[in-house]
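work02.cif follows; it contains mmCIF, C-alpha atoms.
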data_input
#
loop_
_atom_site.label_atom_id
_atom_site.label_comp_id
_atom_site.auth_asym_id
_atom_site.auth_seq_id
_atom_site.Cartn_x
_atom_site.Cartn_y
_atom_site.Cartn_z
CA MET A 3 0.00 0.00 0.00
CA LYS A 4 1.40 3.38 -1.05
CA ALA A 5 2.35 5.77 1.75
CA LEU A 6 0.17 8.87 2.01
CA THR A 7 1.61 12.13 0.80
CA PRO A 8 1.58 14.98 3.38
CA LEU A 9 -1.21 16.62 1.38
CA GLN A 10 -3.33 13.47 1.44
CA PHE A 11 -2.69 12.93 5.16
CA LYS A 12 -3.64 16.53 5.99
CA THR A 13 -6.77 16.28 3.85
CA TYR A 14 -7.91 12.96 5.34
CA ALA A 15 -7.26 14.20 8.88
CA SER A 16 -9.26 17.38 8.27
CA ILE A 17 -12.18 15.53 6.69
CA LEU A 18 -12.11 13.11 9.63
CA LEU A 19 -12.42 16.09 12.00
CA MET A 20 -15.36 17.40 9.95
CA VAL A 21 -17.05 14.01 9.91
CA ILE A 22 -16.75 13.78 13.69
CA PHE A 23 -17.53 17.33 14.80
CA GLY A 24 -20.41 17.98 12.37
CA PRO A 25 -22.66 15.07 13.38
CA VAL A 26 -21.58 15.27 17.05
CA GLY A 27 -22.54 18.95 17.07
CA ASN A 28 -25.95 18.17 15.55
CA VAL A 29 -26.60 15.38 18.04
CA LEU A 30 -25.59 17.55 21.01
CA LEU A 31 -27.87 20.36 19.83
CA ARG A 32 -30.75 17.91 19.38
CA LYS A 33 -30.15 16.45 22.85
CA GLY A 34 -30.00 19.91 24.38
CA MET A 35 -33.20 21.05 22.66
CA LYS A 36 -35.02 17.78 23.49
CA ARG A 37 -34.33 18.39 27.19
CA ILE A 38 -35.80 21.88 26.87
CA GLY A 39 -38.89 20.43 25.19
CA PRO A 40 -41.28 21.80 22.54
CA VAL A 41 -40.84 25.52 21.91
CA ALA A 42 -44.00 27.67 21.59
CA ILE A 43 -43.31 31.38 21.98
CA THR A 44 -46.42 33.43 22.75
CA SER A 45 -44.87 36.43 24.50
CA PRO A 46 -41.52 38.29 24.70
CA SER A 47 -40.97 37.10 28.30
CA GLU A 48 -41.46 33.51 27.16
CA ALA A 49 -38.93 34.06 24.37
CA ILE A 50 -36.39 35.33 26.91
CA HIS A 51 -37.14 32.39 29.20
CA ILE A 52 -36.55 29.91 26.36
CA LEU A 53 -33.36 31.68 25.24
CA LEU A 54 -32.05 31.48 28.82
CA ALA A 55 -32.92 27.78 28.95
CA VAL A 56 -31.20 27.17 25.61
CA PHE A 57 -27.99 28.99 26.53
CA SER A 58 -27.75 27.49 29.98
CA SER A 59 -27.67 24.00 28.46
CA ASP A 60 -24.22 22.37 28.42
CA ALA A 61 -25.26 20.19 25.50
CA VAL A 62 -26.19 23.26 23.44
CA TRP A 63 -22.86 24.97 24.14
CA LEU A 64 -20.89 21.83 23.36
CA GLY A 65 -22.95 21.41 20.19
CA ILE A 66 -22.22 24.98 19.11
CA ALA A 67 -18.49 24.52 19.83
CA SER A 68 -18.51 21.29 17.85
CA LEU A 69 -20.23 22.88 14.86
CA ILE A 70 -17.88 25.89 14.94
CA THR A 71 -14.96 23.43 14.84
CA PHE A 72 -16.62 21.71 11.88
CA TYR A 73 -17.07 24.94 9.91
CA ILE A 74 -13.56 26.21 10.66
CA THR A 75 -12.05 22.90 9.55
CA TYR A 76 -14.27 22.87 6.42
CA THR A 77 -13.19 26.39 5.48
CA LEU A 78 -9.52 25.67 6.11
CA VAL A 79 -9.42 22.44 4.11
CA LEU A 80 -10.87 24.33 1.14
CA SER A 81 -7.69 26.45 1.14
CA TRP A 82 -5.78 23.50 -0.36
CA ALA A 83 -8.22 20.78 -1.44
CA ASP A 84 -10.72 20.77 -4.29
CA TYR A 85 -14.33 21.59 -3.39
CA THR A 86 -15.37 18.66 -5.61
CA TYR A 87 -13.20 16.43 -3.41
CA VAL A 88 -14.18 17.75 0.01
CA GLN A 89 -17.94 18.00 -0.58
CA PRO A 90 -18.53 14.33 -1.44
CA ALA A 91 -15.83 13.07 0.95
CA SER A 92 -17.47 14.81 3.88
CA SER A 93 -20.75 13.04 3.16
CA VAL A 94 -19.32 10.19 5.25
CA ALA A 95 -20.88 12.31 7.98
CA TYR A 96 -24.20 10.71 7.04
CA GLY A 97 -22.74 7.41 8.23
CA MET A 98 -21.49 8.98 11.44
CA SER A 99 -24.93 10.59 11.98
CA ALA A 100 -26.60 7.20 11.56
CA LEU A 101 -24.22 5.60 14.09
CA LEU A 102 -24.74 8.44 16.57
CA ALA A 103 -28.51 8.38 16.07
CA HIS A 104 -28.50 4.66 16.78
CA PHE A 105 -26.18 4.62 19.82
CA ALA A 106 -26.66 8.06 21.37
CA LEU A 107 -30.29 8.80 20.56
CA LYS A 108 -31.50 5.18 20.45
CA GLU A 109 -33.07 5.66 17.01
CA VAL A 110 -33.90 2.66 14.86
CA ILE A 111 -32.01 2.85 11.57
CA SER A 112 -33.83 1.27 8.63
CA PRO A 113 -32.05 -1.16 6.24
CA VAL A 114 -32.55 1.39 3.43
CA ARG A 115 -30.70 4.01 5.45
CA TRP A 116 -27.84 1.60 6.20
CA ALA A 117 -27.70 0.70 2.50
CA GLY A 118 -27.44 4.41 1.74
CA VAL A 119 -24.55 4.74 4.18
CA LEU A 120 -22.72 1.87 2.45
CA VAL A 121 -23.26 3.39 -0.99
CA ILE A 122 -22.00 6.75 0.31
CA CYS A 123 -18.87 5.05 1.68
CA LEU A 124 -18.29 3.41 -1.68
CA GLY A 125 -18.67 6.75 -3.42
CA VAL A 126 -16.30 8.40 -0.98
CA PHE A 127 -13.75 5.62 -1.54
CA VAL A 128 -13.93 6.24 -5.30
CA VAL A 129 -13.49 10.01 -4.81
CA SER A 130 -10.57 9.46 -2.43
CA ARG A 131 -8.68 7.67 -5.19
CA THR A 132 -8.47 11.00 -7.05
CA PRO A 133 -5.93 13.67 -6.02
CA PRO A 134 -7.24 16.10 -3.34
CA ASN A 135 -5.91 19.08 -5.33
CA THR A 136 -6.11 19.36 -9.10
CA THR A 137 -5.55 23.12 -9.45
CA GLU A 138 -2.58 25.42 -9.05
CA GLN A 139 -2.57 27.58 -5.89
CA ALA A 140 -3.44 31.29 -6.38
CA MET B 30 -45.98 25.51 -8.96
CA VAL B 31 -43.76 28.14 -10.64
CA ARG B 32 -42.95 29.61 -7.22
CA GLU B 33 -41.91 26.18 -5.91
CA VAL B 34 -39.67 25.50 -8.91
CA ILE B 35 -37.99 28.92 -8.65
CA LEU B 36 -37.38 28.48 -4.93
CA PHE B 37 -36.13 24.95 -5.46
CA ILE B 38 -33.58 26.16 -8.01
CA LEU B 39 -32.64 29.04 -5.69
CA VAL B 40 -32.03 26.70 -2.76
CA ILE B 41 -29.74 24.41 -4.73
CA CYS B 42 -27.91 27.08 -6.73
CA ALA B 43 -27.51 29.69 -3.97
CA GLY B 44 -26.30 27.20 -1.41
CA THR B 45 -23.85 25.54 -3.76
CA ALA B 46 -22.71 28.85 -5.28
CA GLY B 47 -22.08 30.12 -1.76
CA GLU B 48 -19.81 27.19 -0.96
CA LEU B 49 -17.99 27.61 -4.28
CA CYS B 50 -17.36 31.30 -3.49
CA ILE B 51 -16.02 30.41 -0.03
CA SER B 52 -13.75 27.86 -1.68
CA ARG B 53 -12.53 30.49 -4.14
CA ALA B 54 -11.83 32.90 -1.28
CA MET B 55 -9.83 30.27 0.59
CA LYS B 56 -7.84 29.38 -2.54
CA GLN B 57 -6.97 33.08 -2.88
CA ILE B 58 -5.58 33.05 0.65
CA GLY B 59 -3.54 29.99 -0.15
CA GLU B 60 -2.84 26.71 1.58
CA VAL B 61 -3.13 26.83 5.37
CA THR B 62 -0.12 24.92 6.63
CA ASN B 63 -0.92 24.66 10.34
CA PHE B 64 -3.83 25.07 12.76
CA HIS B 65 -2.00 27.33 15.22
CA PRO B 66 -4.37 29.98 16.69
CA ALA B 67 -2.19 32.81 15.34
CA THR B 68 -2.39 31.28 11.85
CA LEU B 69 -6.16 30.86 12.13
CA LEU B 70 -6.56 34.49 13.19
CA SER B 71 -4.43 35.62 10.27
CA VAL B 72 -6.50 33.51 7.86
CA PHE B 73 -9.72 34.96 9.27
CA ARG B 74 -8.42 38.54 8.93
CA ARG B 75 -7.44 37.90 5.31
CA SER B 76 -10.67 36.13 4.43
CA VAL B 77 -12.92 39.02 5.51
CA GLN B 78 -11.07 41.27 3.06
CA ILE B 79 -11.93 39.09 0.09
CA LYS B 80 -15.18 39.81 -1.76
CA TRP B 81 -15.73 36.11 -2.56
CA PHE B 82 -15.94 35.39 1.16
CA TRP B 83 -18.79 37.86 1.71
CA LEU B 84 -20.53 36.83 -1.50
CA GLY B 85 -20.26 33.20 -0.40
CA LEU B 86 -21.73 33.92 3.04
CA SER B 87 -24.60 35.92 1.50
CA LEU B 88 -25.40 33.19 -1.01
CA MET B 89 -25.29 30.46 1.64
CA ALA B 90 -27.62 32.51 3.83
CA THR B 91 -29.95 33.05 0.84
CA GLY B 92 -29.99 29.31 0.15
CA PHE B 93 -30.64 28.49 3.81
CA PHE B 94 -33.52 30.93 4.27
CA SER B 95 -35.00 29.95 0.90
CA LEU B 96 -35.00 26.36 2.10
CA LEU B 97 -36.77 27.36 5.31
CA TRP B 98 -39.33 29.29 3.25
CA VAL B 99 -39.91 26.34 0.92
CA LEU B 100 -40.27 23.95 3.84
CA SER B 101 -42.96 26.16 5.31
CA PHE B 102 -45.34 25.14 2.52
CA ALA B 103 -43.74 22.15 0.81
CA ASN B 104 -43.16 18.58 1.90
CA VAL B 105 -40.00 17.93 3.94
CA SER B 106 -39.12 15.16 1.45
CA LEU B 107 -37.97 18.05 -0.77
CA VAL B 108 -34.72 17.81 1.20
CA VAL B 109 -33.96 14.58 -0.68
CA PRO B 110 -33.61 15.94 -4.22
CA VAL B 111 -32.09 19.19 -2.90
CA SER B 112 -29.32 17.34 -1.09
CA ALA B 113 -28.67 14.88 -3.90
CA LEU B 114 -28.68 17.47 -6.69
CA SER B 115 -26.37 19.76 -4.72
CA TYR B 116 -23.53 17.27 -5.22
CA ALA B 117 -23.97 17.21 -8.99
CA VAL B 118 -24.39 20.99 -9.21
CA GLY B 119 -21.37 21.40 -6.96
CA ALA B 120 -19.26 19.18 -9.21
CA PHE B 121 -20.27 21.13 -12.30
CA GLY B 122 -19.65 24.42 -10.49
CA GLY B 123 -16.26 23.25 -9.26
CA LYS B 124 -15.23 22.35 -12.80
CA VAL B 125 -16.41 25.60 -14.37
CA PHE B 126 -15.91 28.18 -11.59
CA LEU B 127 -12.92 26.78 -9.72
CA ARG B 128 -11.34 25.01 -12.74
CA GLU B 129 -10.98 21.79 -10.77
CA ARG B 130 -10.28 18.65 -12.73
CA VAL B 131 -13.34 16.49 -12.28
CA THR B 132 -12.31 13.20 -13.84
CA ARG B 133 -14.70 10.41 -14.77
CA GLU B 134 -13.65 8.59 -11.59
CA ARG B 135 -14.53 11.56 -9.43
CA TRP B 136 -17.87 11.97 -11.24
CA MET B 137 -18.62 8.33 -10.55
CA GLY B 138 -17.84 8.80 -6.87
CA ILE B 139 -20.03 11.90 -6.71
CA LEU B 140 -22.95 10.13 -8.37
CA LEU B 141 -22.60 7.19 -5.96
CA VAL B 142 -22.59 9.62 -3.03
CA SER B 143 -25.72 11.36 -4.42
CA PHE B 144 -27.50 8.02 -4.74
CA GLY B 145 -26.41 7.02 -1.24
CA VAL B 146 -27.70 10.33 0.16
CA ILE B 147 -31.07 9.69 -1.51
CA LEU B 148 -31.27 6.27 0.15
CA VAL B 149 -30.27 7.69 3.55
CA LEU B 150 -32.89 10.44 3.43
CA VAL B 151 -35.61 8.20 1.99
CA GLY B 152 -34.76 5.58 4.63
CA ARG B 153 -35.34 8.16 7.34
CA SER B 154 -38.94 8.93 6.41
#
As a first step, turn the structure in this file into structure tokens.
Amino acid sequence: MKALTPLQFKTYASILLMVIFGPVGNVLLRKGMKRIGPVAITSPSEAIHILLAVFSSDAVWLGIASLITFYITYTLVLSWADYTYVQPASSVAYGMSALLAHFALKEVISPVRWAGVLVICLGVFVVSRTPPNTTEQA
Amino acid sequence: MVREVILFILVICAGTAGELCISRAMKQIGEVTNFHPATLLSVFRRSVQIKWFWLGLSLMATGFFSLLWVLSFANVSLVVPVSALSYAVGAFGGKVFLRERVTRERWMGILLVSFGVILVLVGRS
């Protein structure tokens, strides 16, 4: 098996960070909001009350931090890797979301959804066989 | 019907165009070689001076709010074709706007990912 070039290693590591922090952030936000319960704002004081509840939730803050990490990593990796490489490669996050939904949120994942995850992984594998950067730097 | 089609196109194109503009802005800054906080701050300072960055943010926001608007009156299963088509539109945009080399192999991978995304989203409903 060929050794990874520094560019490939950096790209894979960054996409791995995105694939972890994106879905984890979404799950943490969902957990935080589920604990708060259904939101029905009928007055300004209720809106303030809900905002206070949202921003006093550890899960919400961790979710926000996780998603910020995701977006920073996504933006940075685009400084060297092709958009047409990163966009499909990061769709592995769908697989991570399914795993998290199953183990952290106790959701039942349908066979169709698992099949979709496998097809995504196959597609990502095919994309990963192409070079991460096919343009000259500006 | 015409309104739905226009919004649908807006959601896909604005969102994808926004990401392409962000990518262009980041390519203009050049390869980020480390994730040191000082480097990240420098990258941020440079990015907010590039028009593509602001255009990208505006387009992504347009796409996001258009999607919310569409979802207010359309079926949530709309997310399926929007997500799947975004990959194909993104690949075309990357080839034309960013001059990336989208080989047949990469196209095949992108189409597989699009199909997989359709299955994942359909399998959720």
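When all atoms listed in the file are used to measure the gap to Thr91 in chain B, the shortest distance among B:Thr62, B:Thr45, B:Ser115, B:Ser143 belongs to B:Thr45.
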Quick one: contact table of chain B to chain A, 8 Å max, nearest atom pair and distance in Å to one decimal per residue, counting all atoms listed in the file, chain and number order, as a tab-separated table?
residue	atom	partner	partner_atom	distance
B:Leu49	CA	A:Tyr85	CA	7.1
B:Ile51	CA	A:Thr77	CA	7.4
B:Ser52	CA	A:Leu80	CA	5.4
B:Met55	CA	A:Ser81	CA	4.4
B:Lys56	CA	A:Ser81	CA	4.7
B:Gln57	CA	A:Ala140	CA	5.3
B:Ile58	CA	A:Ser81	CA	6.9
B:Gly59	CA	A:Ser81	CA	5.6
B:Glu60	CA	A:Trp82	CA	4.8
B:Val61	CA	A:Ser81	CA	6.2
B:Tyr116	CA	A:Pro90	CA	6.9
B:Gly119	CA	A:Thr86	CA	6.7
B:Ala120	CA	A:Thr86	CA	5.3
B:Gly123	CA	A:Thr86	CA	5.9
B:Arg128	CA	A:Thr137	CA	6.9
B:Glu129	CA	A:Thr136	CA	5.7
B:Arg130	CA	A:Thr136	CA	5.6
B:Val131	CA	A:Thr86	CA	7.3
B:Glu134	CA	A:Val128	CA	6.7
B:Arg135	CA	A:Val129	CA	5.0
B:Met137	CA	A:Gly125	CA	7.3
B:Gly138	CA	A:Gly125	CA	4.1
B:Ile139	CA	A:Pro90	CA	6.0
B:Leu140	CA	A:Gly125	CA	7.4
B:Leu141	CA	A:Gly125	CA	4.7
B:Val142	CA	A:Ile122	CA	4.4
B:Ser143	CA	A:Ile122	CA	7.6
B:Phe144	CA	A:Val121	CA	7.3
B:Gly145	CA	A:Gly118	CA	4.1
B:Val146	CA	A:Gly118	CA	6.1
B:Ile147	CA	A:Gly118	CA	7.2
B:Leu148	CA	A:Gly118	CA	4.5
B:Val149	CA	A:Arg115	CA	4.2
B:Leu150	CA	A:Arg115	CA	7.1
B:Val151	CA	A:Arg115	CA	7.3
B:Gly152	CA	A:Arg115	CA	4.4
B:Arg153	CA	A:Arg115	CA	6.5
Pick the closest to Leu31 in chain A from A:Ser92, A:Gln10, A:Ser59, A:Ser45: which is it, counting all atoms listed in the file? A:Ser59
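Applied to the file shown here, the PyMOL selection byres ((chain A and resi 38) around 12) selects the residues Leu31, Arg32, Lys33, Gly34, Met35, Lys36, Arg37, Gly39, Pro40, Val41, Ala42, His51, Ile52, Leu53, Leu54, Ala55, Val56, Phe57, Ser58, Ser59, Asp60, Ala61 and Val62 of chain A.
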Between CA of Ser71 in chain B and CA of Ala43 in chain B, what distance in Å does the model show, to one decimal? 27.8 Å
Test item: residues at most 9 Å from Leu96 in chain B, only C-alpha atoms, excluding those fewer than 2 positions along its chain, as a list in words: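 Within the cut-off, the hits are Leu36, Phe37, Leu39, Val40, Ile41, Thr91, Gly92, Phe93, Phe94, Trp98, Val99, Leu100, Ser101 and Val108 of chain B.
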Atomic separation - CA of Cys50 in chain B relative to CA of Val77 in chain B, Å: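 Atom-to-atom, CA of Val77 in chain B and CA of Cys50 in chain B are spaced 12.7 Å apart.
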Suppose you want the space between CA of Phe64 in chain B and CA of Met89 in chain B; what is it in Å?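 Rounded to one decimal, the two atoms are 24.8 Å apart.
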